[in-house]
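Enquirer: Input structure: final.csv, which contains CSV, C-alpha atoms and all ligand atoms.
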```
chain,number,residue,atom,x,y,z
M,1,MET,CA,99.2,37.6,121.5
M,2,ASP,CA,96.5,38.4,118.9
M,3,THR,CA,98.3,39.3,115.6
M,4,SER,CA,95.2,39.3,113.4
M,5,LEU,CA,94.9,43.1,113.6
M,6,VAL,CA,98.1,43.5,111.4
M,7,GLU,CA,97.9,42.6,107.8
M,8,SER,CA,101.6,41.8,107.4
M,9,PHE,CA,101.5,39.3,110.2
M,10,SER,CA,99.1,37.3,108.2
M,11,LEU,CA,101.5,37.0,105.3
M,12,ASP,CA,103.5,33.7,105.3
M,13,HIS,CA,107.0,35.1,104.9
M,14,THR,CA,108.3,31.7,104.1
M,15,LYS,CA,106.1,31.3,101.0
M,16,VAL,CA,107.0,34.5,99.1
M,17,ILE,CA,109.8,35.1,96.6
M,18,ALA,CA,111.5,38.5,96.6
M,19,PRO,CA,111.9,41.0,95.1
M,20,PHE,CA,108.3,41.9,94.7
M,21,VAL,CA,105.6,44.5,94.9
M,22,ARG,CA,102.4,43.4,96.8
M,23,LEU,CA,99.2,45.3,97.6
M,24,ALA,CA,99.1,45.0,101.4
M,25,GLY,CA,95.9,46.8,102.0
M,26,ARG,CA,93.3,49.4,101.0
M,27,TYR,CA,91.7,51.6,103.6
M,28,GLU,CA,88.7,53.9,103.3
M,29,GLY,CA,88.5,56.9,105.5
M,30,PRO,CA,85.3,58.3,107.1
M,31,LYS,CA,84.8,60.7,104.2
M,32,GLY,CA,85.4,58.1,101.5
M,33,ASP,CA,89.1,58.7,100.7
M,34,VAL,CA,90.9,55.5,99.8
M,35,ILE,CA,94.4,54.8,100.9
M,36,SER,CA,96.5,52.0,99.3
M,37,LYS,CA,99.4,50.4,101.1
M,38,PHE,CA,102.1,48.4,99.3
M,39,ASP,CA,104.8,46.0,100.4
M,40,LEU,CA,108.0,46.8,98.4
M,41,ARG,CA,110.1,43.8,99.2
M,42,PHE,CA,113.7,44.1,98.2
M,43,LEU,CA,115.2,41.0,100.0
M,44,GLN,CA,113.9,37.5,100.7
M,45,PRO,CA,112.6,37.5,104.2
M,46,ASN,CA,114.8,35.8,106.8
M,47,LYS,CA,117.7,35.4,104.3
M,48,GLY,CA,119.3,38.8,104.9
M,49,ALA,CA,118.7,42.4,105.7
M,50,ILE,CA,119.7,45.8,104.3
M,51,PRO,CA,122.3,47.5,106.6
M,52,THR,CA,120.8,50.5,108.3
M,53,SER,CA,123.1,53.0,106.5
M,54,ALA,CA,122.0,51.8,103.1
M,55,MET,CA,118.3,51.5,104.3
M,56,HIS,CA,118.5,55.1,105.5
M,57,THR,CA,119.9,56.4,102.2
M,58,LEU,CA,117.3,54.5,100.2
M,59,GLU,CA,114.6,56.0,102.5
M,60,HIS,CA,115.8,59.6,101.6
M,61,LEU,CA,116.1,58.8,97.8
M,62,LEU,CA,112.8,56.9,97.6
M,63,ALA,CA,111.0,59.7,99.4
M,64,ILE,CA,112.0,62.1,96.6
M,65,TYR,CA,112.1,59.9,93.6
M,66,PHE,CA,108.7,58.2,94.2
M,67,ARG,CA,107.0,61.6,94.5
M,68,LYS,CA,108.3,62.4,91.0
M,69,GLU,CA,107.0,59.2,89.5
M,70,ILE,CA,103.5,58.8,91.1
M,71,ASP,CA,100.8,61.3,92.2
M,72,ASN,CA,99.3,61.2,95.7
M,73,VAL,CA,102.2,59.7,97.6
M,74,ILE,CA,101.6,59.7,101.3
M,75,ASP,CA,104.8,58.0,102.6
M,76,VAL,CA,107.6,55.5,101.8
M,77,SER,CA,108.9,54.0,105.0
M,78,PRO,CA,111.4,51.3,106.0
M,79,MET,CA,110.3,48.0,107.4
M,80,GLY,CA,111.8,47.2,110.8
M,81,CYS,CA,113.0,43.9,109.5
M,82,ARG,CA,115.1,45.8,106.9
M,83,THR,CA,114.0,43.6,103.9
M,84,GLY,CA,111.9,46.3,102.2
M,85,PHE,CA,109.7,49.4,102.4
M,86,TYR,CA,106.1,50.3,102.8
M,87,PHE,CA,104.6,52.6,100.2
M,88,LEU,CA,101.3,54.4,100.9
M,89,CYS,CA,99.3,56.6,98.5
M,90,PHE,CA,95.8,58.0,98.1
M,91,GLY,CA,93.6,56.2,95.6
M,92,GLU,CA,93.4,52.7,94.2
M,93,ALA,CA,96.8,52.5,92.5
M,94,LYS,CA,97.4,49.2,90.8
M,95,PRO,CA,100.4,47.1,91.9
M,96,VAL,CA,101.8,47.1,88.3
M,97,ILE,CA,101.8,50.9,88.3
M,98,VAL,CA,103.7,51.0,91.6
M,99,MET,CA,106.1,48.4,90.4
M,100,ASN,CA,106.8,50.3,87.2
M,101,ALA,CA,107.4,53.4,89.3
M,102,LEU,CA,109.7,51.5,91.7
M,103,GLU,CA,111.8,50.3,88.7
M,104,LYS,CA,112.3,53.9,87.5
M,105,VAL,CA,113.0,55.0,91.1
M,106,LEU,CA,115.6,52.3,91.6
M,107,LYS,CA,117.3,53.2,88.3
M,108,LYS,CA,117.6,56.7,89.5
M,109,VAL,CA,119.1,55.5,92.8
M,110,ILE,CA,121.7,53.7,90.8
M,111,SER,CA,122.8,56.9,89.1
M,112,THR,CA,122.6,59.1,92.2
M,113,LYS,CA,125.8,61.0,93.0
M,114,GLU,CA,124.7,62.8,96.2
M,115,ILE,CA,122.4,61.9,99.2
M,116,PRO,CA,119.7,64.5,99.6
M,117,ALA,CA,119.0,66.0,103.0
M,118,ALA,CA,122.0,64.2,104.6
M,119,ASN,CA,122.8,67.0,107.1
M,120,ALA,CA,122.1,67.7,110.8
M,121,ILE,CA,119.3,70.1,110.0
M,122,GLN,CA,117.2,67.9,107.7
M,123,CYS,CA,117.9,64.4,109.1
M,124,GLY,CA,117.8,62.7,112.4
M,125,ASN,CA,121.0,60.6,112.0
M,126,TYR,CA,122.8,62.2,109.1
M,127,LEU,CA,126.1,60.3,109.7
M,128,ASP,CA,124.4,56.9,109.2
M,129,HIS,CA,124.2,56.9,105.4
M,130,SER,CA,125.7,54.8,102.6
M,131,LEU,CA,125.1,55.8,98.9
M,132,SER,CA,127.2,52.8,97.7
M,133,GLY,CA,125.1,50.5,99.9
M,134,ALA,CA,121.8,52.1,98.6
M,135,ILE,CA,123.0,51.5,95.0
M,136,GLU,CA,124.0,47.9,95.7
M,137,TYR,CA,120.6,47.1,97.2
M,138,ALA,CA,118.7,49.0,94.4
M,139,LYS,CA,120.5,46.7,91.9
M,140,ILE,CA,119.5,43.6,93.9
M,141,ALA,CA,115.8,44.8,94.1
M,142,LEU,CA,115.7,45.4,90.3
M,143,GLU,CA,116.8,41.8,89.6
M,144,GLY,CA,113.6,39.9,88.9
M,145,LEU,CA,111.2,42.4,90.4
M,146,ARG,CA,107.6,41.3,90.0
M,147,VAL,CA,104.1,41.8,91.2
M,148,LEU,CA,103.0,39.3,93.9
M,149,GLU,CA,99.3,38.8,93.9
M,201,ZN,ZN,117.5,60.8,107.5
```
As structure tokens, what does this structure read like?

Expert:
Amino acid sequence: MDTSLVESFSLDHTKVIAPFVRLAGRYEGPKGDVISKFDLRFLQPNKGAIPTSAMHTLEHLLAIYFRKEIDNVIDVSPMGCRTGFYFLCFGEAKPVIVMNALEKVLKKVISTKEIPAANAIQCGNYLDHSLSGAIEYAKIALEGLRVLE
């Protein structure tokens, strides 16, 4: 099957060293708006995966905390491989700016006492959460976090 349409399939996952922040693409819309996509990689690919409960809690926390650190956030979404997240924003944000924001976000995760929107009204699987897991993997991602060119 042709995988060339998808940027992340062209990344050699055996050659990267996590944790890292990597610019994964810039896209220009028909009216000139630029969207930047970043790969926020918490774990070394194919060496482990964040459990779904911790991943889910990180998703909730990153959704809120990133919007407090950076303007023009579009989305922060979990990778299906559970080794990291995608971060999308309007404009041409530099990787180092996103990495600095991610560091602040992860430090906030570590001191979080309550999971936001973890209820049946605001979440699609509110019982599948782990704050202690989110904190554990935030600490792992902070250890040696760098920009991958
Ligand atoms: Zn949820």

Enquirer: What's the separation between CA of Asn46 in chain M and CA of Asp12 in chain M, in Å to one decimal place?

Expert: 11.6 Å

Enquirer: Hey, which residues come within 8 Å of ligand ZN 201 (chain M) if we count all atoms listed in the file? Could you give them as a ChimeraX atom specification?

Expert: /M:56-57,59-60,117-118,122-126

Enquirer: Tell me which of M:Arg146, M:Lys94, M:Arg82, M:Arg67 sits closest to Phe38 in chain M, counting all atoms listed in the file.

Expert: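 The shortest atom-to-atom distance to Phe38 in chain M comes from M:Lys94.
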
Enquirer: Take CA of Cys89 in chain M and CA of Gly29 in chain M and report the distance between them in Å, one decimal.

Expert: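 Spanning CA of Cys89 in chain M to CA of Gly29 in chain M is a straight-line distance of 12.9 Å.
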
Enquirer: Can you tell me how far CA of Arg41 in chain M sits from CA of Ala18 in chain M, in Å to one decimal?

Expert: 6.1 Å

Enquirer: Rank M:Phe42, M:Phe85, M:Ile17, M:Ser53 by their smallest atom-to-atom distance to Lys139 in chain M, using only C-alpha atoms, and report the top residue only.

Expert: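 When distances to Lys139 in chain M are compared using only C-alpha atoms, the smallest one comes from M:Phe42.
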
Enquirer: Which residue out of M:Leu131, M:Ile64, M:Ile110, M:Val147 has the minimum interatomic distance to Ile97 in chain M when all atoms listed in the file are used?

Expert: M:Val147

Enquirer: For the point (100.4, 42.5, 93.6) in the file's frame, write as a list in words all residues with an atom no more than 7 Å away, counting only C-alpha atoms.

Expert: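 Residues with an atom at most 7 Å from (100.4, 42.5, 93.6): Val21, Arg22, Leu23, Pro95, Val147, Leu148 and Glu149 of chain M.
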
Enquirer: Filtering to C-alpha atoms, could you give me those residues as a CSV table (one decimal), in the coordinates of the input?

Expert:
```csv
chain,number,residue,atom,x,y,z
M,21,VAL,CA,105.6,44.5,94.9
M,22,ARG,CA,102.4,43.4,96.8
M,23,LEU,CA,99.2,45.3,97.6
M,95,PRO,CA,100.4,47.1,91.9
M,147,VAL,CA,104.1,41.8,91.2
M,148,LEU,CA,103.0,39.3,93.9
M,149,GLU,CA,99.3,38.8,93.9
```

Enquirer: Which residue is closest to Ile70 in chain M? Choose from M:Lys15, M:Ala134, M:Phe90, M:Asp39 and count only C-alpha atoms.

Expert: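 Between M:Lys15, M:Ala134, M:Phe90, M:Asp39, the residue approaching Ile70 in chain M most closely is M:Phe90.
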
Enquirer: Using all atoms listed in the file, give me every residue within 12 Å of (121.3, 40.7, 93.7) in file coordinates, as a list of chain:residue names.

Expert: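 Taken together, the residues in range are M:Ala18, M:Pro19, M:Phe42, M:Leu43, M:Gln44, M:Gly48, M:Ile50, M:Ile135, M:Glu136, M:Tyr137, M:Ala138, M:Lys139, M:Ile140, M:Ala141, M:Leu142, M:Glu143, M:Gly144, M:Leu145.
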
Enquirer: Counting all atoms listed in the file, which of M:Phe66, M:Gly91, M:Pro78, M:Pro45 gets nearest to Glu28 in chain M?

Expert: M:Gly91

Enquirer: For range 82-96 of chain M of the structure just presented, write all heavy atoms to a file, as a CSV table (one decimal), in the first residue's frame.

Expert:
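File produced: out13.csv:
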```csv
chain,number,residue,atom,x,y,z
M,82,ARG,N,0.4,5.2,21.0
M,82,ARG,CA,0.5,5.5,22.4
M,82,ARG,C,1.9,5.8,22.9
M,82,ARG,O,2.3,5.6,24.0
M,82,ARG,CB,-0.2,4.5,23.3
M,82,ARG,CG,-1.7,4.4,23.1
M,82,ARG,CD,-2.4,3.5,24.1
M,82,ARG,NE,-2.2,2.1,23.6
M,82,ARG,CZ,-1.6,1.1,24.3
M,82,ARG,NH1,-1.0,1.4,25.5
M,82,ARG,NH2,-1.5,-0.1,23.8
M,83,THR,N,2.8,6.4,21.9
M,83,THR,CA,4.1,6.8,22.3
M,83,THR,C,4.2,8.3,22.4
M,83,THR,O,5.2,8.9,22.7
M,83,THR,CB,5.2,6.3,21.4
M,83,THR,OG1,5.0,6.8,20.1
M,83,THR,CG2,5.2,4.8,21.4
M,84,GLY,N,3.1,9.0,22.1
M,84,GLY,CA,3.1,10.5,22.1
M,84,GLY,C,1.8,11.1,21.6
M,84,GLY,O,0.8,10.4,21.5
M,85,PHE,N,1.9,12.4,21.3
M,85,PHE,CA,0.8,13.2,20.9
M,85,PHE,C,1.1,14.0,19.7
M,85,PHE,O,2.2,14.4,19.5
M,85,PHE,CB,0.3,14.2,22.0
M,85,PHE,CG,-0.2,13.5,23.2
M,85,PHE,CD1,0.6,12.9,24.2
M,85,PHE,CD2,-1.6,13.3,23.4
M,85,PHE,CE1,0.1,12.2,25.3
M,85,PHE,CE2,-2.1,12.7,24.6
M,85,PHE,CZ,-1.2,12.1,25.5
M,86,TYR,N,0.1,14.4,18.9
M,86,TYR,CA,0.2,15.4,17.9
M,86,TYR,C,-0.3,16.7,18.4
M,86,TYR,O,-1.3,16.7,19.2
M,86,TYR,CB,-0.6,15.0,16.6
M,86,TYR,CG,0.1,13.9,15.8
M,86,TYR,CD1,-0.4,12.6,15.7
M,86,TYR,CD2,1.3,14.2,15.3
M,86,TYR,CE1,0.2,11.7,15.0
M,86,TYR,CE2,2.0,13.2,14.5
M,86,TYR,CZ,1.4,11.9,14.4
M,86,TYR,OH,2.1,11.0,13.7
M,87,PHE,N,0.4,17.8,18.1
M,87,PHE,CA,0.0,19.1,18.5
M,87,PHE,C,-0.2,19.9,17.2
M,87,PHE,O,0.7,20.0,16.4
M,87,PHE,CB,1.1,19.7,19.4
M,87,PHE,CG,0.9,21.2,19.7
M,87,PHE,CD1,0.1,21.5,20.7
M,87,PHE,CD2,1.5,22.1,18.9
M,87,PHE,CE1,-0.1,22.9,21.0
M,87,PHE,CE2,1.3,23.5,19.2
M,87,PHE,CZ,0.5,23.9,20.3
M,88,LEU,N,-1.3,20.5,17.0
M,88,LEU,CA,-1.6,21.4,15.9
M,88,LEU,C,-2.0,22.8,16.3
M,88,LEU,O,-2.7,23.0,17.2
M,88,LEU,CB,-2.8,20.8,15.0
M,88,LEU,CG,-2.4,19.6,14.2
M,88,LEU,CD1,-2.7,18.3,14.9
M,88,LEU,CD2,-3.1,19.6,12.9
M,89,CYS,N,-1.4,23.8,15.5
M,89,CYS,CA,-1.7,25.2,15.8
M,89,CYS,C,-1.7,26.0,14.5
M,89,CYS,O,-1.1,25.6,13.6
M,89,CYS,CB,-0.7,25.7,16.8
M,89,CYS,SG,1.0,25.8,16.3
M,90,PHE,N,-2.4,27.1,14.6
M,90,PHE,CA,-2.3,28.0,13.5
M,90,PHE,C,-1.0,28.7,13.5
M,90,PHE,O,-0.4,29.0,14.6
M,90,PHE,CB,-3.4,29.1,13.5
M,90,PHE,CG,-4.8,28.6,13.1
M,90,PHE,CD1,-5.8,28.4,14.0
M,90,PHE,CD2,-5.0,28.2,11.8
M,90,PHE,CE1,-7.0,28.0,13.7
M,90,PHE,CE2,-6.3,27.8,11.4
M,90,PHE,CZ,-7.3,27.6,12.3
M,91,GLY,N,-0.4,29.1,12.4
M,91,GLY,CA,0.8,29.9,12.3
M,91,GLY,C,2.1,29.0,12.3
M,91,GLY,O,2.0,27.8,12.3
M,92,GLU,N,3.2,29.7,12.2
M,92,GLU,CA,4.5,29.0,12.0
M,92,GLU,C,5.3,29.0,13.3
M,92,GLU,O,6.4,29.5,13.5
M,92,GLU,CB,5.3,29.8,11.0
M,92,GLU,CG,4.6,29.8,9.6
M,92,GLU,CD,5.4,30.3,8.5
M,92,GLU,OE1,6.6,30.4,8.6
M,92,GLU,OE2,4.8,30.6,7.4
M,93,ALA,N,4.7,28.3,14.3
M,93,ALA,CA,5.4,28.2,15.6
M,93,ALA,C,6.7,27.4,15.5
M,93,ALA,O,6.7,26.4,14.7
M,93,ALA,CB,4.4,27.5,16.6
M,94,LYS,N,7.7,27.9,16.2
M,94,LYS,CA,9.0,27.2,16.1
M,94,LYS,C,9.0,26.0,17.1
M,94,LYS,O,8.4,26.1,18.1
M,94,LYS,CB,10.1,28.2,16.5
M,94,LYS,CG,10.4,29.3,15.5
M,94,LYS,CD,11.6,30.1,15.9
M,94,LYS,CE,12.1,30.9,14.7
M,94,LYS,NZ,11.2,31.9,14.2
M,95,PRO,N,9.7,24.9,16.7
M,95,PRO,CA,9.7,23.8,17.6
M,95,PRO,C,10.2,24.1,19.0
M,95,PRO,O,9.7,23.5,20.0
M,95,PRO,CB,10.7,22.8,16.9
M,95,PRO,CG,10.6,23.2,15.4
M,95,PRO,CD,10.3,24.7,15.4
M,96,VAL,N,11.2,25.0,19.1
M,96,VAL,CA,11.7,25.3,20.5
M,96,VAL,C,10.6,26.0,21.3
M,96,VAL,O,10.5,25.8,22.6
M,96,VAL,CB,13.0,26.1,20.4
M,96,VAL,CG1,12.7,27.5,19.9
M,96,VAL,CG2,13.7,26.2,21.8
```
